[in-house]
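Written below as structure tokens is the structure these notes are about.
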Amino acid sequence: MAKGTVHALCGENGAGKSTLMKILYGMQQPDEGTITIDGEQVVLHNPADAIARGIGMVHQHFMLADNLTVLENVALGAEKLYGIGGKARAKIKEISDAYGLNVRPDVLVEELGVADRQRVEILKVLYRGAKTLILDEPTAVLVPQEVDALFDNLRDLKAEGLTVIFISHKLGEVLSVADEITVIRRGTTVGTAEPSSTTPRQLAEMMVGSELPTPETEESTVTDVPMLTVEGLHLSQTDLDGIERVILDQISFTIHKGEILGIAGVEGNGQSELVEAIMGMRHPETGTISLDGTDISQRPTRDRREAGIGYIPEDRHRHGLLLEAPLWENRILGHVTERPNSRGPLLDIKGARADTERIVAEYDVRTPGIDVTAASLSGGNQQKLIVGREMSHAPKLLIAAHPTRGVDVGAQAAIWDHIRQARREGLAVLLISADLDELIGLSDTLRVMYRGRLVAHADPATITPEKLGSAMTGAATGRLEHAEDDAR
Amino acid sequence: MNKLTSRIDKERLLLGIAAPLLAIVAALLITALVILATGKNPGPAFSDMLTYGFASDSQVYILNKATTYYLAGISVAIGFRMNLFNIGVDGQYRLAAFFAAVLGGALTLPGWLSMLLILICAMATGAVWAAIAGVLKVTRGVSEVISTIMLNSIATAVIGYLLQPGKLAQLYQGGTVVATKPLPSASHFFLIDTGASGELDGFIVIAAIVGVAYWFVLGRTRFGYDLRTVGQSESAATASGVSVKKMVVTSMIISGAAAGLIGMPTLLNESYQYSSDFPTGIAFTGIAIALLGRNNPIGIALGALLWGFLERTTNHLEFQGYDKEILGVIQGVIVLCVVIAYEVVRRYGLKRQQHKVGAELAAQAAAAPMKKQEVA
């Protein structure tokens with residue numbers, strides 16, 4: 001990439017964007033390949049090397065000490081450059097004015113809003129003499145006006161001859177600010193694009209790829225018996241700056257028996273929160289949730305599970321497993337009150353163990369035994385154990401968040417088969433996935449979630465991943481028709 | 001497949017024993033070096049500890065000490081299994097023993113009934129005192145470490161205020177000791193006469209029952225499973241339907257109730273009243289013992305016995321011309337070594353298991369080629 005440009009890097013979740021940046025910033029070592037800066041081939045062993053070469057990184061999560069002033073935060077760890085007193089303050093002023101960052105050196109960081117903090121982070125990097133800036137998903141935490149302001153700053157930086165690497169999966173933003181775009185998928189570069197001659201649709205196509213195998217749904221099994229009805233769900237959260245952010249905005253939908261409802265969306269648009277609200281782990285301000293005709297809005301998580309909700313969590317390590325416990329204890333997790341795990345208040349260890357053996361055999365969990373810890377299994381096998389566990393209690397509703405993430409192709413097909421099988425028997429499924437082919441292939445109905453709202457719906461029989469991709473960026477709303485040509 | 005499972009189990013057991021053994025051996029080595037540094041010979045010291053420690057009167061002394069320590073270890077371990085650090089066991093047991101002593105001194109009921117009431121009073125006091133910290137944690141987010149330390153000081157102050165002549169205490173032994181009214185002899189717990197070696201506290205039976213209950217509730221009941229789940233992963237527990245807040249309060253209450261029993265062997269079997277020289281600081285010993293015993297009921301018993309043994313024998317060392325501070329050195333070094341050894345062994349075990357599982361699966365895959373390929 002050239003000096004004085006903004007270069008955007010886009011790709012799906014898990015495509016390898018962050019890993020690439022970590023290598024550039026010296027946090028990880030590549031197995032092969034070289035990095036060349038200013039015509040000189042370099043090896044970056046750690047972030048200090050990278051900083052010395054003029055590479056600076058602004059992390060997605062800010063690394064600032066709240067109880068120190070801006071000046072102290074900026075000088076922290078770089079005291080040798082300009083000291084910690086007047087000289088440092090003058091330098092901060094100078095940088096701030098030069099790039100229009102508008103940073104006041106003597107304010108406490110805890111008094112600053114998110115956008116201001118981000119500017120402090122950028123200033124911190126510039127203060128250390130960075131000539132190349134890496135911004136990791138800088139817009140994820142910003143509201144639209146703040147995004148515009150950030151982009152103005154980036155243009156200033158560019159004008160001063162600095163290079164900016166901008167990581168994002170929001171296509172609209174990428175197109176508006178970047179001079180050049182590199183798209184990566186599954187760890188390799190799939191192409192570069194000029195923003196002036198590219199549409200979001202083409203970009204989405206590159207990001208998603210179109211050669212992937214499609215998981216086919218067979219004949220529809222949708223009935224007209226509603227299983228899960230969500231009505232007017234609203235959830236907002238006040239962050240540290242006192243700004244109220246709406247996380248779920250008037251979410252309503254119905255899933256019938258035998259129906260798979262897929263929710264598409266770029267991660268962080270409220271999908272996790274929606275799942276947690278249905279599971280009873282979060283408490284929405286308004287709205288009702290009813291399962292099979294019973295209002296469960298006020299019931300605790302355990303009741304909901306007993307009422308027949310199966311849950312394949314998005315983050316299996318945090319929510320689905322006890323990593324240091326043996327497999328058979330993991331089989332009990334979430335279903336401790338149900339057979340065969342317990343009788344009355346007592347655990348039925350024999351029953352649980354026998355049933356774990358059954359799950360291991362039926363779901364092809366590759367393990368030498370049920371006494372090994374969950375942590376020693378590979379991700380795919382952990383996932384198969386979770387799927388097996390949740391399916392073993394004859395759920396009425398299955399919430400599957402990224403059910404095949406990190407799972408190899410064989411296990412992926414097996415998990416799809418299990419879900420389809422259960423659907424034929426009348427299971428209702430809420431499917432959330434970043435894999436658009438999975439969504440299109442499995443779902444009977446598709447919704448698109450953007451900024452906490454269900455903005456669009458589509459028929460999986462006619463929709464293409466590209467079209468869905470552009471709706472995910474908020475570019476298209478309402479009913480997505482295949483025939484409809486212009487998505488914007 | 002079964003063979004392998006049992007092998008992994010056996011290995012886990014071995015690893016489990018390896019850590020404390022490693023720690024104790026290391027502690028003995030370091031202690032020997034310390035004794036050498038003071039210019040004395042560690043050999044005779046250790047052999048004196050052994051012969052003296054296994055004398056029959058020492059055995060009774062050690063068992064009596066260990067009874068108290070065991071209860072302390074269990075109370076702390078209940079918190080540990082939940083990832084709660086109940087430092088307040090100290091204040092909980094002292095306050096509990098004090099009020100139990102006051103109640104016991106005032107009661108004139110049949111012995112068994114007043115003993116029962118004393119125990120209930122002690123457990124309830126401990127539970128209430130611990131519950132304060134639990135409620136503060138779930139409602140206001142106060143770390144239980146901070147609040148229980150403060151509650152320890154408050155307990156000291158409360159006892160200091162009430163343990164005055166004219167309040168809930170009187171002067172005894174010619175005005176030299178301030179104490180609560182002694183328990184009537186009917187409410188003394190039974191002692192086991194072992195002849196010349198002395199008398200064994202009957203409370204050891206209760207301690208054993210507590211140990212069995214601890215094992216049973218944690219390992220065999222739904223409640224225990226929920227509790228352990230919260231201890232291992234709060235997020236997974238929430239997702240599985242455990243109310244973490246309720247669990248925090250409940251386990252603090254149980255931990256406090258168990259703590260209430262710590263002072264009982266002393267009260268019901270030895271002193272029969274709460275005086276200003278009632279033993280303090282036992283809970284901190286309990287923390288060390290719970291660590292040493294890996295929160296395992298049998299491990300804690302062994303740890304309690306070891307602590308009793310060390311205390312008995314190092315006391316005797318003083319008469320042999322060694323410094324009595326050697327006790328603190330050994331205990332401190334053991335605890336340090338134990339913490340380090342457990343972490344080392346745990347990591348080694350996890351890594352080893354992962355390797356083994358990997359190797360085993362590779363072997364399986366090699367033995368049955370192509371069979372699983374169809375699924376893909």
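As shown in the structure tokens, the chain order sets the letters A, B, ...; within each chain, residues go from 1, and ligands are also counted from 1 in the order they appear.
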
Please return, as a ChimeraX atom specification, all residues of chain A lying within 7 Å of chain B when only C-alpha atoms are considered.
/A:281,301-302,318-322,333-334,336,345-347,366-369,371,376,409-410,413-414

Show me, as a PyMOL selection string, the residues that have an atom within 9 Å of segment 254-266 of chain A when counting only C-alpha atoms, minus same-chain residues fewer than 5 positions from it.
chain A and resi 12-13+169-170+220-231+271+396-397+420+422-436+439-440+442-450+454+468-469+471-473

Only N, CA and C atoms, please: the residues just picked out, written as a compact mmCIF listing (two decimals), in the first residue's frame.
```txt
# COMPACT_ATOMS: atom_id res chain seq x y z
N GLU A 12 -15.28 -11.40 6.25
CA GLU A 12 -16.25 -11.89 7.22
C GLU A 12 -15.58 -12.12 8.57
N ASN A 13 -16.42 -12.38 9.58
CA ASN A 13 -15.87 -12.76 10.87
C ASN A 13 -15.05 -14.02 10.71
N HIS A 169 -16.00 -4.60 8.61
CA HIS A 169 -16.84 -5.37 7.71
C HIS A 169 -18.11 -4.61 7.35
N LYS A 170 -18.10 -3.32 7.63
CA LYS A 170 -19.24 -2.51 7.22
C LYS A 170 -18.92 -1.92 5.85
N SER A 220 -40.86 -28.29 2.69
CA SER A 220 -41.14 -27.49 3.88
C SER A 220 -41.92 -28.30 4.91
N THR A 221 -41.57 -28.09 6.19
CA THR A 221 -42.30 -28.78 7.26
C THR A 221 -43.00 -27.76 8.14
N VAL A 222 -43.07 -26.52 7.65
CA VAL A 222 -43.64 -25.46 8.47
C VAL A 222 -45.13 -25.71 8.70
N THR A 223 -45.56 -25.62 9.94
CA THR A 223 -46.97 -25.76 10.27
C THR A 223 -47.50 -24.37 10.62
N ASP A 224 -48.78 -24.30 10.95
CA ASP A 224 -49.25 -22.98 11.35
C ASP A 224 -49.48 -22.89 12.85
N VAL A 225 -48.83 -23.78 13.61
CA VAL A 225 -48.92 -23.71 15.07
C VAL A 225 -47.75 -22.86 15.58
N PRO A 226 -48.01 -21.69 16.15
CA PRO A 226 -46.88 -20.88 16.64
C PRO A 226 -46.22 -21.54 17.84
N MET A 227 -44.89 -21.57 17.84
CA MET A 227 -44.16 -22.15 18.97
C MET A 227 -43.55 -21.04 19.81
N LEU A 228 -42.84 -20.14 19.16
CA LEU A 228 -42.26 -19.02 19.89
C LEU A 228 -42.81 -17.73 19.31
N THR A 229 -43.37 -16.90 20.17
CA THR A 229 -43.85 -15.61 19.72
C THR A 229 -43.15 -14.53 20.52
N VAL A 230 -42.46 -13.65 19.82
CA VAL A 230 -41.79 -12.53 20.47
C VAL A 230 -42.50 -11.27 20.02
N GLU A 231 -42.87 -10.45 20.97
CA GLU A 231 -43.70 -9.28 20.67
C GLU A 231 -43.07 -8.03 21.26
N GLN A 271 -27.90 -9.47 17.89
CA GLN A 271 -28.30 -10.87 17.86
C GLN A 271 -28.04 -11.58 19.19
N LYS A 396 -38.67 -28.08 22.32
CA LYS A 396 -39.72 -27.56 21.45
C LYS A 396 -39.12 -26.48 20.57
N LEU A 397 -38.18 -25.76 21.17
CA LEU A 397 -37.53 -24.66 20.45
C LEU A 397 -36.03 -24.82 20.62
N ARG A 420 -32.15 -30.62 10.85
CA ARG A 420 -33.22 -30.89 9.89
C ARG A 420 -34.13 -32.03 10.37
N ALA A 422 -34.73 -32.95 13.43
CA ALA A 422 -35.59 -32.50 14.53
C ALA A 422 -36.69 -31.58 14.00
N ARG A 423 -36.38 -30.83 12.96
CA ARG A 423 -37.36 -29.93 12.37
C ARG A 423 -38.52 -30.72 11.77
N ARG A 424 -38.19 -31.84 11.14
CA ARG A 424 -39.25 -32.69 10.59
C ARG A 424 -40.19 -33.16 11.69
N GLU A 425 -39.62 -33.32 12.90
CA GLU A 425 -40.45 -33.80 14.01
C GLU A 425 -41.15 -32.66 14.73
N GLY A 426 -41.10 -31.48 14.16
CA GLY A 426 -41.89 -30.39 14.74
C GLY A 426 -41.11 -29.41 15.58
N LEU A 427 -39.79 -29.46 15.51
CA LEU A 427 -38.97 -28.53 16.28
C LEU A 427 -39.00 -27.15 15.61
N ALA A 428 -39.09 -26.12 16.45
CA ALA A 428 -38.94 -24.76 15.94
C ALA A 428 -37.51 -24.33 16.21
N VAL A 429 -36.89 -23.67 15.24
CA VAL A 429 -35.48 -23.30 15.42
C VAL A 429 -35.29 -21.81 15.16
N LEU A 430 -34.58 -21.17 16.06
CA LEU A 430 -34.11 -19.81 15.81
C LEU A 430 -32.64 -19.92 15.47
N LEU A 431 -32.30 -19.64 14.22
CA LEU A 431 -30.93 -19.85 13.76
C LEU A 431 -30.25 -18.50 13.55
N ILE A 432 -29.12 -18.33 14.21
CA ILE A 432 -28.35 -17.11 14.03
C ILE A 432 -27.00 -17.52 13.51
N SER A 433 -26.58 -16.93 12.43
CA SER A 433 -25.32 -17.38 11.85
C SER A 433 -24.67 -16.28 11.06
N ALA A 434 -23.36 -16.35 10.95
CA ALA A 434 -22.64 -15.42 10.11
C ALA A 434 -22.38 -16.05 8.75
N ASP A 435 -22.66 -17.34 8.67
CA ASP A 435 -22.45 -18.09 7.44
C ASP A 435 -23.73 -17.97 6.61
N LEU A 436 -23.68 -17.13 5.58
CA LEU A 436 -24.90 -16.83 4.83
C LEU A 436 -25.44 -18.06 4.11
N LEU A 439 -27.41 -20.02 6.53
CA LEU A 439 -28.70 -19.37 6.78
C LEU A 439 -29.68 -19.64 5.64
N ILE A 440 -29.21 -19.42 4.41
CA ILE A 440 -30.10 -19.57 3.27
C ILE A 440 -30.50 -21.02 3.09
N LEU A 442 -30.63 -23.52 5.34
CA LEU A 442 -31.40 -24.20 6.38
C LEU A 442 -32.74 -23.54 6.65
N SER A 443 -32.80 -22.22 6.50
CA SER A 443 -33.96 -21.50 7.00
C SER A 443 -35.20 -21.66 6.13
N ASP A 444 -36.35 -21.54 6.77
CA ASP A 444 -37.62 -21.46 6.05
C ASP A 444 -38.00 -20.00 5.86
N THR A 445 -37.55 -19.16 6.79
CA THR A 445 -37.84 -17.74 6.74
C THR A 445 -36.56 -17.01 7.12
N LEU A 446 -36.31 -15.87 6.51
CA LEU A 446 -35.10 -15.13 6.83
C LEU A 446 -35.44 -13.71 7.27
N ARG A 447 -34.75 -13.28 8.30
CA ARG A 447 -34.87 -11.88 8.72
C ARG A 447 -33.47 -11.31 8.77
N VAL A 448 -33.38 -10.00 8.59
CA VAL A 448 -32.08 -9.35 8.68
C VAL A 448 -32.11 -8.39 9.85
N MET A 449 -31.09 -8.46 10.68
CA MET A 449 -31.02 -7.61 11.86
C MET A 449 -29.94 -6.56 11.66
N TYR A 450 -30.29 -5.31 11.92
CA TYR A 450 -29.34 -4.22 11.75
C TYR A 450 -29.60 -3.19 12.83
N LEU A 454 -35.12 -5.57 13.28
CA LEU A 454 -35.29 -6.49 12.16
C LEU A 454 -35.70 -5.63 10.97
N LEU A 468 -28.36 -10.61 0.47
CA LEU A 468 -28.48 -10.67 1.92
C LEU A 468 -27.35 -9.85 2.55
N GLY A 469 -26.17 -9.99 2.00
CA GLY A 469 -25.01 -9.25 2.50
C GLY A 469 -25.24 -7.76 2.47
N ALA A 471 -28.09 -6.22 2.55
CA ALA A 471 -29.10 -5.86 3.55
C ALA A 471 -28.49 -5.82 4.94
N MET A 472 -27.51 -6.67 5.18
CA MET A 472 -26.85 -6.73 6.49
C MET A 472 -26.11 -5.44 6.81
N THR A 473 -25.69 -4.71 5.78
CA THR A 473 -25.00 -3.46 6.04
C THR A 473 -25.98 -2.31 6.15
```

Show which residues sit within 9 Å of segment 305-313 of chain B, as a CSV table (one decimal) with N, CA and C atoms, in the first residue's frame. Count only C-alpha atoms, and ignore same-chain residues fewer than 3 positions away.
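Once written, selection11.csv looks like this:
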```
chain,number,residue,atom,x,y,z
B,48,ASP,N,13.1,-36.1,66.2
B,48,ASP,CA,12.4,-35.8,67.4
B,48,ASP,C,10.9,-35.5,67.1
B,49,MET,N,10.7,-34.8,66.0
B,49,MET,CA,9.3,-34.5,65.7
B,49,MET,C,8.5,-35.8,65.4
B,50,LEU,N,9.2,-36.7,64.7
B,50,LEU,CA,8.5,-38.0,64.4
B,50,LEU,C,8.2,-38.8,65.7
B,52,TYR,N,8.1,-37.9,68.8
B,52,TYR,CA,7.2,-37.2,69.7
B,52,TYR,C,5.8,-37.1,69.1
B,53,GLY,N,5.8,-36.9,67.8
B,53,GLY,CA,4.5,-36.7,67.2
B,53,GLY,C,3.6,-37.9,67.2
B,54,PHE,N,4.3,-39.1,67.2
B,54,PHE,CA,3.5,-40.3,67.2
B,54,PHE,C,3.3,-41.0,68.5
B,58,SER,N,0.3,-37.4,72.2
B,58,SER,CA,0.4,-36.5,71.1
B,58,SER,C,-0.7,-36.8,70.1
B,59,GLN,N,-1.0,-38.0,69.9
B,59,GLN,CA,-2.0,-38.4,68.9
B,59,GLN,C,-3.4,-37.8,69.3
B,61,TYR,N,-3.9,-35.3,71.3
B,61,TYR,CA,-3.8,-33.8,71.1
B,61,TYR,C,-4.0,-33.4,69.7
B,62,ILE,N,-3.3,-34.1,68.8
B,62,ILE,CA,-3.4,-33.7,67.4
B,62,ILE,C,-4.8,-33.9,66.9
B,63,LEU,N,-5.5,-35.0,67.2
B,63,LEU,CA,-6.8,-35.3,66.8
B,63,LEU,C,-7.8,-34.2,67.3
B,64,ASN,N,-7.6,-33.8,68.5
B,64,ASN,CA,-8.4,-32.7,69.1
B,64,ASN,C,-8.2,-31.4,68.3
B,65,LYS,N,-7.0,-31.1,68.1
B,65,LYS,CA,-6.7,-29.8,67.3
B,65,LYS,C,-7.3,-29.9,65.9
B,66,ALA,N,-7.1,-31.1,65.3
B,66,ALA,CA,-7.5,-31.3,63.9
B,66,ALA,C,-9.0,-31.2,63.7
B,67,THR,N,-9.7,-31.6,64.8
B,67,THR,CA,-11.2,-31.5,64.7
B,67,THR,C,-11.6,-30.0,64.4
B,69,TYR,N,-9.6,-27.6,63.3
B,69,TYR,CA,-9.1,-27.2,62.0
B,69,TYR,C,-9.9,-27.8,60.8
B,70,TYR,N,-10.3,-29.0,61.0
B,70,TYR,CA,-11.1,-29.6,59.9
B,70,TYR,C,-12.4,-28.8,59.6
B,285,THR,N,-5.9,-20.5,59.6
B,285,THR,CA,-5.4,-21.8,59.5
B,285,THR,C,-6.3,-22.6,58.5
B,289,ILE,N,-5.4,-24.8,55.2
B,289,ILE,CA,-5.8,-26.3,55.2
B,289,ILE,C,-6.7,-26.6,54.0
B,300,ILE,N,-8.7,-32.3,53.1
B,300,ILE,CA,-8.8,-31.4,54.2
B,300,ILE,C,-8.5,-32.0,55.5
B,301,ALA,N,-9.0,-33.3,55.7
B,301,ALA,CA,-8.7,-34.0,56.9
B,301,ALA,C,-7.2,-34.2,57.1
B,302,LEU,N,-6.6,-34.6,56.0
B,302,LEU,CA,-5.1,-34.9,56.1
B,302,LEU,C,-4.4,-33.6,56.4
B,316,HIS,N,7.3,-28.9,71.0
B,316,HIS,CA,8.3,-29.7,71.8
B,316,HIS,C,9.7,-29.4,71.4
B,317,LEU,N,9.9,-29.0,70.1
B,317,LEU,CA,11.3,-28.7,69.7
B,317,LEU,C,11.9,-27.6,70.5
B,327,LEU,N,7.9,-23.4,63.5
B,327,LEU,CA,6.6,-23.8,63.1
B,327,LEU,C,6.0,-22.8,62.0
B,330,ILE,N,7.7,-23.5,58.7
B,330,ILE,CA,7.3,-24.8,58.0
B,330,ILE,C,5.9,-24.5,57.4
B,331,GLN,N,5.0,-24.0,58.2
B,331,GLN,CA,3.6,-23.8,57.7
B,331,GLN,C,3.6,-22.9,56.5
```
